$ cat model-v7.pdb   # PDB, C-alpha atoms
ATOM      1  CA  MET A 103       6.220  87.676 -41.993  1.00  0.00           C
ATOM      2  CA  THR A 104       8.612  84.811 -41.327  1.00  0.00           C
ATOM      3  CA  SER A 105       8.448  81.352 -42.762  1.00  0.00           C
ATOM      4  CA  MET A 106       9.389  78.098 -41.046  1.00  0.00           C
ATOM      5  CA  ASN A 107      11.222  76.977 -44.140  1.00  0.00           C
ATOM      6  CA  GLU A 108      14.616  77.702 -42.591  1.00  0.00           C
ATOM      7  CA  THR A 109      14.034  75.603 -39.482  1.00  0.00           C
ATOM      8  CA  LEU A 110      11.792  72.869 -40.856  1.00  0.00           C
ATOM      9  CA  PRO A 111      13.170  71.731 -44.189  1.00  0.00           C
ATOM     10  CA  SER A 112      10.875  68.752 -44.828  1.00  0.00           C
ATOM     11  CA  PRO A 113       8.795  69.418 -47.950  1.00  0.00           C
ATOM     12  CA  GLY A 114       5.474  68.549 -46.328  1.00  0.00           C
ATOM     13  CA  ILE A 115       5.622  71.117 -43.547  1.00  0.00           C
ATOM     14  CA  LEU A 116       6.465  74.357 -45.271  1.00  0.00           C
ATOM     15  CA  GLU A 117       4.516  77.582 -45.315  1.00  0.00           C
ATOM     16  CA  PHE A 118       3.866  78.108 -41.653  1.00  0.00           C
ATOM     17  CA  GLU A 119       3.764  81.752 -40.668  1.00  0.00           C
ATOM     18  CA  ILE A 120       4.472  83.398 -37.354  1.00  0.00           C
ATOM     19  CA  ALA A 121       1.314  84.696 -35.703  1.00  0.00           C
ATOM     20  CA  PHE A 122       3.174  86.310 -32.812  1.00  0.00           C
ATOM     21  CA  GLU A 123       6.209  85.911 -30.628  1.00  0.00           C
ATOM     22  CA  GLN A 124       6.797  86.979 -27.053  1.00  0.00           C
ATOM     23  CA  ARG A 125       9.265  86.223 -24.288  1.00  0.00           C
ATOM     24  CA  TYR A 126       7.840  82.805 -23.491  1.00  0.00           C
ATOM     25  CA  ALA A 127       6.271  81.521 -26.694  1.00  0.00           C
ATOM     26  CA  ARG A 128       6.364  81.603 -30.466  1.00  0.00           C
ATOM     27  CA  VAL A 129       3.161  80.818 -32.337  1.00  0.00           C
ATOM     28  CA  TRP A 130       2.929  79.615 -35.944  1.00  0.00           C
ATOM     29  CA  PHE A 131      -0.079  78.889 -38.097  1.00  0.00           C
ATOM     30  CA  ASN A 132      -1.016  77.424 -41.451  1.00  0.00           C
ATOM     31  CA  ARG A 133      -4.592  78.031 -42.551  1.00  0.00           C
ATOM     32  CA  SER A 134      -4.575  75.532 -45.382  1.00  0.00           C
ATOM     33  CA  ARG A 135      -3.416  72.804 -43.014  1.00  0.00           C
ATOM     34  CA  LYS A 136      -5.737  74.160 -40.292  1.00  0.00           C
ATOM     35  CA  ILE A 137      -2.900  73.942 -37.792  1.00  0.00           C
ATOM     36  CA  ILE A 138      -1.566  76.203 -35.046  1.00  0.00           C
ATOM     37  CA  ILE A 139       1.790  75.520 -33.397  1.00  0.00           C
ATOM     38  CA  CYS A 140       2.781  76.934 -30.030  1.00  0.00           C
ATOM     39  CA  GLN A 141       6.457  76.544 -29.232  1.00  0.00           C
ATOM     40  CA  LEU A 142       7.463  77.405 -25.674  1.00  0.00           C
ATOM     41  CA  LEU A 143      10.826  79.158 -25.474  1.00  0.00           C
ATOM     42  CA  THR A 144      11.783  79.031 -21.796  1.00  0.00           C
ATOM     43  CA  ASP A 145      12.161  76.403 -19.065  1.00  0.00           C
ATOM     44  CA  TYR A 146       9.191  77.858 -17.188  1.00  0.00           C
ATOM     45  CA  VAL A 147       6.205  80.022 -18.073  1.00  0.00           C
ATOM     46  CA  PRO A 148       4.470  82.015 -15.303  1.00  0.00           C
ATOM     47  CA  ILE A 149       0.699  81.584 -15.255  1.00  0.00           C
ATOM     48  CA  ASP A 150      -0.126  85.198 -16.177  1.00  0.00           C
ATOM     49  CA  ASP A 151       2.165  85.097 -19.197  1.00  0.00           C
ATOM     50  CA  PHE A 152       0.880  81.660 -20.161  1.00  0.00           C
ATOM     51  CA  LYS A 153      -2.718  82.867 -20.072  1.00  0.00           C
ATOM     52  CA  GLU A 154      -1.810  85.983 -22.045  1.00  0.00           C
ATOM     53  CA  ALA A 155      -0.227  83.876 -24.802  1.00  0.00           C
ATOM     54  CA  PHE A 156      -3.056  81.360 -24.902  1.00  0.00           C
ATOM     55  CA  LEU A 157      -5.762  84.000 -24.913  1.00  0.00           C
ATOM     56  CA  GLU A 158      -4.017  85.471 -27.957  1.00  0.00           C
ATOM     57  CA  ILE A 159      -3.928  82.015 -29.561  1.00  0.00           C
ATOM     58  CA  GLY A 160      -7.626  81.822 -28.720  1.00  0.00           C
ATOM     59  CA  VAL A 161      -8.249  84.988 -30.722  1.00  0.00           C
ATOM     60  CA  LEU A 162      -6.490  83.379 -33.692  1.00  0.00           C
ATOM     61  CA  ILE A 163      -8.515  80.169 -33.314  1.00  0.00           C
ATOM     62  CA  LYS A 164     -11.739  82.139 -33.056  1.00  0.00           C
ATOM     63  CA  SER A 165     -10.973  83.721 -36.418  1.00  0.00           C
ATOM     64  CA  GLY A 166     -11.965  80.300 -37.723  1.00  0.00           C
ATOM     65  CA  GLY A 167     -10.702  77.421 -39.774  1.00  0.00           C
ATOM     66  CA  PHE A 168      -8.332  75.685 -37.356  1.00  0.00           C
ATOM     67  CA  GLU A 169      -8.661  72.077 -36.253  1.00  0.00           C
ATOM     68  CA  LYS A 170      -5.280  71.054 -34.862  1.00  0.00           C
ATOM     69  CA  PHE A 171      -3.164  72.513 -32.094  1.00  0.00           C
ATOM     70  CA  ILE A 172       0.461  71.463 -31.644  1.00  0.00           C
ATOM     71  CA  PHE A 173       2.041  72.272 -28.312  1.00  0.00           C
ATOM     72  CA  ASP A 174       5.831  72.044 -28.302  1.00  0.00           C
ATOM     73  CA  LYS A 175       6.879  71.939 -24.649  1.00  0.00           C
ATOM     74  CA  ARG A 176      10.437  70.696 -25.153  1.00  0.00           C
ATOM     75  CA  ALA A 177      11.977  73.786 -23.531  1.00  0.00           C
ATOM     76  CA  LEU A 178      10.057  73.291 -20.280  1.00  0.00           C
ATOM     77  CA  ARG A 179      11.729  71.939 -17.144  1.00  0.00           C
ATOM     78  CA  ALA A 180       8.980  72.747 -14.675  1.00  0.00           C
ATOM     79  CA  PHE A 181       5.255  73.247 -14.919  1.00  0.00           C
ATOM     80  CA  HIS A 182       2.723  74.916 -12.680  1.00  0.00           C
ATOM     81  CA  GLN A 183      -0.218  72.719 -11.754  1.00  0.00           C
ATOM     82  CA  PRO A 184      -2.870  75.525 -11.789  1.00  0.00           C
ATOM     83  CA  THR A 185      -1.561  76.645 -15.190  1.00  0.00           C
ATOM     84  CA  MET A 186      -1.854  73.147 -16.571  1.00  0.00           C
ATOM     85  CA  GLU A 187      -5.331  72.851 -15.075  1.00  0.00           C
ATOM     86  CA  TRP A 188      -6.467  76.099 -16.719  1.00  0.00           C
ATOM     87  CA  TYR A 189      -5.034  75.003 -20.076  1.00  0.00           C
ATOM     88  CA  PHE A 190      -6.376  71.493 -19.860  1.00  0.00           C
ATOM     89  CA  ILE A 191      -9.845  72.121 -18.447  1.00  0.00           C
ATOM     90  CA  HIS A 192     -10.831  75.602 -19.549  1.00  0.00           C
ATOM     91  CA  TRP A 193      -8.822  76.578 -22.608  1.00  0.00           C
ATOM     92  CA  LYS A 194      -9.102  73.253 -24.446  1.00  0.00           C
ATOM     93  CA  LYS A 195     -12.829  73.068 -23.722  1.00  0.00           C
ATOM     94  CA  GLU A 196     -13.426  76.559 -25.074  1.00  0.00           C
ATOM     95  CA  MET A 197     -11.302  75.890 -28.179  1.00  0.00           C
ATOM     96  CA  LEU A 198     -13.176  72.660 -28.850  1.00  0.00           C
ATOM     97  CA  GLY A 199     -16.205  74.898 -29.342  1.00  0.00           C
ATOM     98  CA  TYR A 200     -14.308  76.550 -32.219  1.00  0.00           C
ATOM     99  CA  GLY A 201     -13.367  73.265 -33.889  1.00  0.00           C
ATOM    100  CA  VAL A 202      -9.950  72.477 -32.383  1.00  0.00           C
ATOM    101  CA  LYS A 203     -10.302  68.855 -31.410  1.00  0.00           C
ATOM    102  CA  THR A 204      -6.890  67.487 -32.450  1.00  0.00           C
ATOM    103  CA  HIS A 205      -4.016  68.091 -30.051  1.00  0.00           C
ATOM    104  CA  ARG A 206      -0.428  67.016 -30.586  1.00  0.00           C
ATOM    105  CA  LYS A 207       2.120  67.455 -27.838  1.00  0.00           C
ATOM    106  CA  ILE A 208       5.875  67.317 -27.846  1.00  0.00           C
ATOM    107  CA  LEU A 209       7.381  66.824 -24.404  1.00  0.00           C
ATOM    108  CA  PRO A 210      10.975  67.196 -23.195  1.00  0.00           C
ATOM    109  CA  GLU A 211      13.074  64.073 -23.616  1.00  0.00           C
ATOM    110  CA  GLU A 212      13.441  63.606 -19.871  1.00  0.00           C
ATOM    111  CA  LYS A 213      11.323  60.661 -18.754  1.00  0.00           C
ATOM    112  CA  TRP A 214      10.722  62.100 -15.295  1.00  0.00           C
ATOM    113  CA  PHE A 215       9.007  65.095 -16.883  1.00  0.00           C
ATOM    114  CA  GLU A 216       6.668  62.821 -18.817  1.00  0.00           C
ATOM    115  CA  LYS A 217       5.852  60.969 -15.604  1.00  0.00           C
ATOM    116  CA  MET A 218       5.153  64.257 -13.819  1.00  0.00           C
ATOM    117  CA  VAL A 219       2.805  65.305 -16.601  1.00  0.00           C
ATOM    118  CA  GLN A 220       0.985  61.975 -16.365  1.00  0.00           C
ATOM    119  CA  LEU A 221       0.563  62.318 -12.606  1.00  0.00           C
ATOM    120  CA  ALA A 222      -0.599  65.925 -12.869  1.00  0.00           C
ATOM    121  CA  LYS A 223      -3.026  65.053 -15.665  1.00  0.00           C
ATOM    122  CA  ALA A 224      -4.483  62.159 -13.689  1.00  0.00           C
ATOM    123  CA  GLN A 225      -5.021  64.475 -10.710  1.00  0.00           C
ATOM    124  CA  ILE A 226      -6.686  67.142 -12.864  1.00  0.00           C
ATOM    125  CA  LEU A 227      -9.021  64.606 -14.483  1.00  0.00           C
ATOM    126  CA  ALA A 228      -9.939  63.222 -11.064  1.00  0.00           C
ATOM    127  CA  ASP A 229     -10.675  66.728  -9.773  1.00  0.00           C
ATOM    128  CA  HIS A 230     -12.774  67.634 -12.840  1.00  0.00           C
ATOM    129  CA  PRO A 231     -15.003  64.696 -13.766  1.00  0.00           C
ATOM    130  CA  ASP A 232     -16.846  66.893 -16.305  1.00  0.00           C
ATOM    131  CA  HIS A 233     -13.723  67.130 -18.499  1.00  0.00           C
ATOM    132  CA  ILE A 234     -13.965  66.838 -22.291  1.00  0.00           C
ATOM    133  CA  ILE A 235     -10.883  64.681 -22.865  1.00  0.00           C
ATOM    134  CA  ASP A 236     -12.966  61.911 -24.481  1.00  0.00           C
ATOM    135  CA  GLN A 237     -14.006  64.300 -27.240  1.00  0.00           C
ATOM    136  CA  LEU A 238     -10.420  65.185 -28.143  1.00  0.00           C
ATOM    137  CA  ASP A 239      -7.853  63.440 -30.295  1.00  0.00           C
ATOM    138  CA  ILE A 240      -4.692  63.757 -28.217  1.00  0.00           C
ATOM    139  CA  ALA A 241      -1.342  62.222 -29.076  1.00  0.00           C
ATOM    140  CA  TYR A 242       2.286  62.696 -28.091  1.00  0.00           C
ATOM    141  CA  CYS A 243       4.929  63.113 -30.794  1.00  0.00           C
ATOM    142  CA  ASP A 244       8.714  63.283 -30.824  1.00  0.00           C
ATOM    143  CA  THR A 245       9.127  65.914 -33.517  1.00  0.00           C
ATOM    144  CA  LEU A 246       7.245  68.836 -35.033  1.00  0.00           C
ATOM    145  CA  GLU A 247       7.219  67.057 -38.371  1.00  0.00           C
ATOM    146  CA  ALA A 248       5.473  64.042 -36.870  1.00  0.00           C
ATOM    147  CA  ALA A 249       3.030  66.286 -35.028  1.00  0.00           C
ATOM    148  CA  ILE A 250       2.130  68.122 -38.239  1.00  0.00           C
ATOM    149  CA  LEU A 251       1.769  65.033 -40.363  1.00  0.00           C
ATOM    150  CA  THR A 252      -0.157  62.778 -37.941  1.00  0.00           C
TER     151      THR A 252
ATOM    152  CA  MET B 233      17.081 158.073  -4.915  1.00  0.00           C
ATOM    153  CA  SER B 234      18.465 155.210  -2.922  1.00  0.00           C
ATOM    154  CA  ARG B 235      14.951 153.652  -2.775  1.00  0.00           C
ATOM    155  CA  VAL B 236      14.703 153.669  -6.568  1.00  0.00           C
ATOM    156  CA  VAL B 237      18.089 152.005  -6.893  1.00  0.00           C
ATOM    157  CA  SER B 238      16.993 149.350  -4.439  1.00  0.00           C
ATOM    158  CA  ILE B 239      13.828 148.580  -6.439  1.00  0.00           C
ATOM    159  CA  VAL B 240      15.782 148.338  -9.679  1.00  0.00           C
ATOM    160  CA  TYR B 241      18.264 146.003  -7.999  1.00  0.00           C
ATOM    161  CA  MET B 242      15.440 143.662  -6.847  1.00  0.00           C
ATOM    162  CA  LYS B 243      13.882 143.529 -10.306  1.00  0.00           C
ATOM    163  CA  THR B 244      17.075 142.386 -11.977  1.00  0.00           C
ATOM    164  CA  PRO B 245      18.777 139.608 -10.009  1.00  0.00           C
ATOM    165  CA  PRO B 246      22.414 138.935 -10.774  1.00  0.00           C
ATOM    166  CA  GLU B 247      23.260 136.638 -13.648  1.00  0.00           C
ATOM    167  CA  SER B 248      24.850 134.114 -11.303  1.00  0.00           C
ATOM    168  CA  PHE B 249      21.527 133.713  -9.507  1.00  0.00           C
ATOM    169  CA  LEU B 250      19.708 133.069 -12.778  1.00  0.00           C
ATOM    170  CA  LEU B 251      22.312 130.493 -13.743  1.00  0.00           C
ATOM    171  CA  PHE B 252      21.996 128.847 -10.350  1.00  0.00           C
ATOM    172  CA  LYS B 253      18.197 128.790 -10.711  1.00  0.00           C
ATOM    173  CA  GLU B 254      18.493 127.203 -14.121  1.00  0.00           C
ATOM    174  CA  GLU B 255      20.925 124.590 -12.818  1.00  0.00           C
ATOM    175  CA  LEU B 256      18.616 123.880  -9.895  1.00  0.00           C
ATOM    176  CA  LYS B 257      15.694 123.352 -12.257  1.00  0.00           C
ATOM    177  CA  LYS B 258      17.785 120.986 -14.387  1.00  0.00           C
ATOM    178  CA  ALA B 259      18.880 119.089 -11.283  1.00  0.00           C
ATOM    179  CA  GLN B 260      15.269 118.741 -10.119  1.00  0.00           C
ATOM    180  CA  LEU B 261      14.203 117.426 -13.528  1.00  0.00           C
ATOM    181  CA  GLU B 262      17.124 114.981 -13.515  1.00  0.00           C
ATOM    182  CA  LYS B 263      16.166 113.876 -10.014  1.00  0.00           C
ATOM    183  CA  GLU B 264      12.569 113.234 -11.117  1.00  0.00           C
ATOM    184  CA  ARG B 265      13.814 111.319 -14.153  1.00  0.00           C
ATOM    185  CA  LEU B 266      16.095 109.182 -11.997  1.00  0.00           C
ATOM    186  CA  ILE B 267      13.277 108.489  -9.517  1.00  0.00           C
ATOM    187  CA  LEU B 268      10.998 107.339 -12.358  1.00  0.00           C
ATOM    188  CA  HIS B 269      13.778 105.228 -13.838  1.00  0.00           C
ATOM    189  CA  TYR B 270      14.552 103.683 -10.467  1.00  0.00           C
ATOM    190  CA  GLU B 271      10.872 102.951  -9.785  1.00  0.00           C
ATOM    191  CA  GLN B 272      10.521 101.331 -13.208  1.00  0.00           C
ATOM    192  CA  GLN B 273      13.585  99.151 -12.603  1.00  0.00           C
ATOM    193  CA  LEU B 274      12.341  98.221  -9.158  1.00  0.00           C
ATOM    194  CA  SER B 275       8.970  97.266 -10.608  1.00  0.00           C
ATOM    195  CA  GLU B 276      10.664  95.057 -13.216  1.00  0.00           C
ATOM    196  CA  VAL B 277      12.816  93.377 -10.562  1.00  0.00           C
ATOM    197  CA  ASN B 278       9.754  92.768  -8.381  1.00  0.00           C
ATOM    198  CA  LEU B 279       7.892  91.225 -11.314  1.00  0.00           C
ATOM    199  CA  GLU B 280      10.852  88.978 -12.056  1.00  0.00           C
ATOM    200  CA  LEU B 281      11.062  87.991  -8.389  1.00  0.00           C
ATOM    201  CA  TYR B 282       7.359  87.151  -8.431  1.00  0.00           C
ATOM    202  CA  ARG B 283       7.889  84.953 -11.492  1.00  0.00           C
ATOM    203  CA  LEU B 284      10.892  83.212  -9.943  1.00  0.00           C
ATOM    204  CA  LYS B 285       8.946  82.606  -6.741  1.00  0.00           C
ATOM    205  CA  GLU B 286       6.155  80.982  -8.756  1.00  0.00           C
ATOM    206  CA  GLN B 287       8.734  78.849 -10.583  1.00  0.00           C
ATOM    207  CA  ILE B 288      10.351  77.730  -7.322  1.00  0.00           C
ATOM    208  CA  ASN B 289       6.921  76.875  -5.872  1.00  0.00           C
ATOM    209  CA  SER B 290       6.118  74.852  -8.981  1.00  0.00           C
ATOM    210  CA  GLN B 291       9.406  72.984  -8.770  1.00  0.00           C
ATOM    211  CA  GLN B 292       8.764  72.266  -5.092  1.00  0.00           C
ATOM    212  CA  ASP B 293       5.295  70.944  -5.969  1.00  0.00           C
ATOM    213  CA  MET B 294       6.827  68.717  -8.622  1.00  0.00           C
ATOM    214  CA  MET B 295       9.383  67.408  -6.126  1.00  0.00           C
ATOM    215  CA  ARG B 296       6.609  66.749  -3.604  1.00  0.00           C
ATOM    216  CA  THR B 297       4.608  64.838  -6.231  1.00  0.00           C
ATOM    217  CA  THR B 298       7.713  62.860  -7.194  1.00  0.00           C
ATOM    218  CA  LEU B 299       8.451  61.924  -3.588  1.00  0.00           C
ATOM    219  CA  GLU B 300       4.811  60.967  -2.975  1.00  0.00           C
ATOM    220  CA  TYR B 301       4.886  58.830  -6.092  1.00  0.00           C
ATOM    221  CA  ALA B 302       8.167  57.164  -5.041  1.00  0.00           C
ATOM    222  CA  SER B 303       6.837  56.654  -1.526  1.00  0.00           C
ATOM    223  CA  ASN B 304       3.635  55.028  -2.815  1.00  0.00           C
ATOM    224  CA  LEU B 305       5.717  52.793  -5.073  1.00  0.00           C
ATOM    225  CA  GLU B 306       7.838  51.779  -2.076  1.00  0.00           C
ATOM    226  CA  ILE B 307       4.737  50.943  -0.038  1.00  0.00           C
ATOM    227  CA  ARG B 308       3.285  48.957  -2.929  1.00  0.00           C
ATOM    228  CA  LEU B 309       6.594  47.106  -3.396  1.00  0.00           C
ATOM    229  CA  THR B 310       6.657  46.155   0.291  1.00  0.00           C
ATOM    230  CA  GLU B 311       3.057  44.893   0.044  1.00  0.00           C
ATOM    231  CA  VAL B 312       3.875  42.813  -3.016  1.00  0.00           C
ATOM    232  CA  LYS B 313       6.931  41.341  -1.275  1.00  0.00           C
ATOM    233  CA  GLU B 314       4.785  40.393   1.718  1.00  0.00           C
ATOM    234  CA  GLU B 315       2.158  38.851  -0.567  1.00  0.00           C
ATOM    235  CA  VAL B 316       4.842  36.843  -2.371  1.00  0.00           C
ATOM    236  CA  ALA B 317       6.333  35.705   0.954  1.00  0.00           C
ATOM    237  CA  GLN B 318       2.907  34.654   2.270  1.00  0.00           C
ATOM    238  CA  THR B 319       2.024  32.812  -0.927  1.00  0.00           C
ATOM    239  CA  THR B 320       5.400  31.014  -0.929  1.00  0.00           C
ATOM    240  CA  SER B 321       4.975  30.106   2.737  1.00  0.00           C
ATOM    241  CA  ALA B 322       1.442  28.790   2.177  1.00  0.00           C
ATOM    242  CA  TYR B 323       2.634  26.789  -0.820  1.00  0.00           C
ATOM    243  CA  ARG B 324       5.430  25.153   1.210  1.00  0.00           C
ATOM    244  CA  LYS B 325       3.034  24.320   4.032  1.00  0.00           C
ATOM    245  CA  SER B 326       0.680  22.671   1.597  1.00  0.00           C
ATOM    246  CA  ILE B 327       3.542  20.511   0.231  1.00  0.00           C
ATOM    247  CA  TYR B 328       5.012  19.396   3.531  1.00  0.00           C
TER     248      TYR B 328
END
$ encode --input "model-v7.pdb" --output "structure tokens"
Amino acid sequence: MTSMNETLPSPGILEFEIAFEQRYARVWFNRSRKIIICQLLTDYVPIDDFKEAFLEIGVLIKSGGFEKFIFDKRALRAFHQPTMEWYFIHWKKEMLGYGVKTHRKILPEEKWFEKMVQLAKAQILADHPDHIIDQLDIAYCDTLEAAILT
Amino acid sequence: MSRVVSIVYMKTPPESFLLFKEELKKAQLEKERLILHYEQQLSEVNLELYRLKEQINSQQDMMRTTLEYASNLEIRLTEVKEEVAQTTSAYRKSIY
């Protein structure tokens, strides 16, 4: 079991443990803080691998006790619209049923990527008027520390 | 007598033949192993190609969205310029 202490030295964010790690993602959790962190590791994640990772995160969430999900997408340089749609519409909705209503996202620094995400999100919301975005607390952060503490 | 000798000879093939048979068996096993290895590598390459194709498609989609966005901005900018020109023109007419 690995601790985040080496990479995140701030006193308030210690004691995260690795749930699992695969080629495309590393997942951390802290039960006392009720937080799960998913850190993407590559510039692109194919949809099948993305679903595999998020279904595994889903199993962890379903074990109970988690309220916040932090998605660190800083490694990404391209995203797949159907993947984003599945994550945004289906996965988040299902996880809301298990108590995860707080989402913190960390995007790459590139402004064009942020704009692309905004455009894609707007399109997804327009295509799915029954979305649950109003029931979620979503915010963008610059660092993991900020995402954990806000 | 010669018939008996012949039968005995058939029952015990020469050592070189046995060695050859053994080598042949080893070669066949090695061939099967190499085929499996090759098929596994080919499968991995195909999977990676599939992933790269998906990534390229995604990047193309993002470029298309970017160009559509830029194009819409350009159209909107032209409209605003025309509106400003018309308003300015109407204002001048009202003065003079």
$ closest_atom_pairs --input "model-v7.pdb" --of "chain B" --to "chain A" --cutoff "6 Å" --atoms "all atoms listed in the file" --output "Markdown table"
| residue | atom | partner | partner_atom | distance |
| --- | --- | --- | --- | --- |
| B:Arg283 | CA | A:Pro148 | CA | 5.9 |
| B:Ser290 | CA | A:His182 | CA | 5.0 |
| B:Gln291 | CA | A:Ala180 | CA | 5.9 |
$ atom_distance --input "model-v7.pdb" --atom1 "CA of Gly166 in chain A" --atom2 "CA of Tyr200 in chain A"
7.1 Å
$ atom_distance --input "model-v7.pdb" --atom1 "CA of Phe171 in chain A" --atom2 "CA of Ala248 in chain A"
13.0 Å
$ resolve_selection --input "model-v7.pdb" --expression "the PyMOL selection byres ((chain A and resi 139) around 7)" --output "PyMOL selection string"
chain A and resi 129-131+137-138+140-141+171-173
$ atom_distance --input "model-v7.pdb" --atom1 "CA of Ile159 in chain A" --atom2 "CA of Ile250 in chain A"
17.5 Å
$ residues_around --input "model-v7.pdb" --residues "Lys164 in chain A" --least-positions-apart "6" --cutoff "10 Å" --atoms "all atoms listed in the file" --output "MDAnalysis selection string"
chainID A and resid 158 196:197 199:202
$ residues_around --input "model-v7.pdb" --residues "Lys203 in chain A" --least-positions-apart "6" --cutoff "8 Å" --atoms "all atoms listed in the file" --output "ChimeraX atom specification"
/A:169-170,197,237-239
$ residues_around --input "model-v7.pdb" --residues "range 300-310 of chain B" --least-positions-apart "2" --cutoff "12 Å" --atoms "all atoms listed in the file" --output "list of chain:residue names"
A:Trp214, A:Lys217, A:Met218, A:Gln220, A:Leu221, A:Ala222, B:Asp293, B:Met294, B:Met295, B:Arg296, B:Thr297, B:Thr298, B:Val312, B:Lys313, B:Glu314, B:Glu315, B:Val316, B:Ala317
$ axis_aligned_box --input "model-v7.pdb" --around "range 182-199 of chain A" --padding-each-side "3 Å" --output "lines of an AutoDock Vina configuration file"
center_x = -6.7
center_y = 74.1
center_z = -20.5
size_x = 24.9
size_y = 11.2
size_z = 23.6
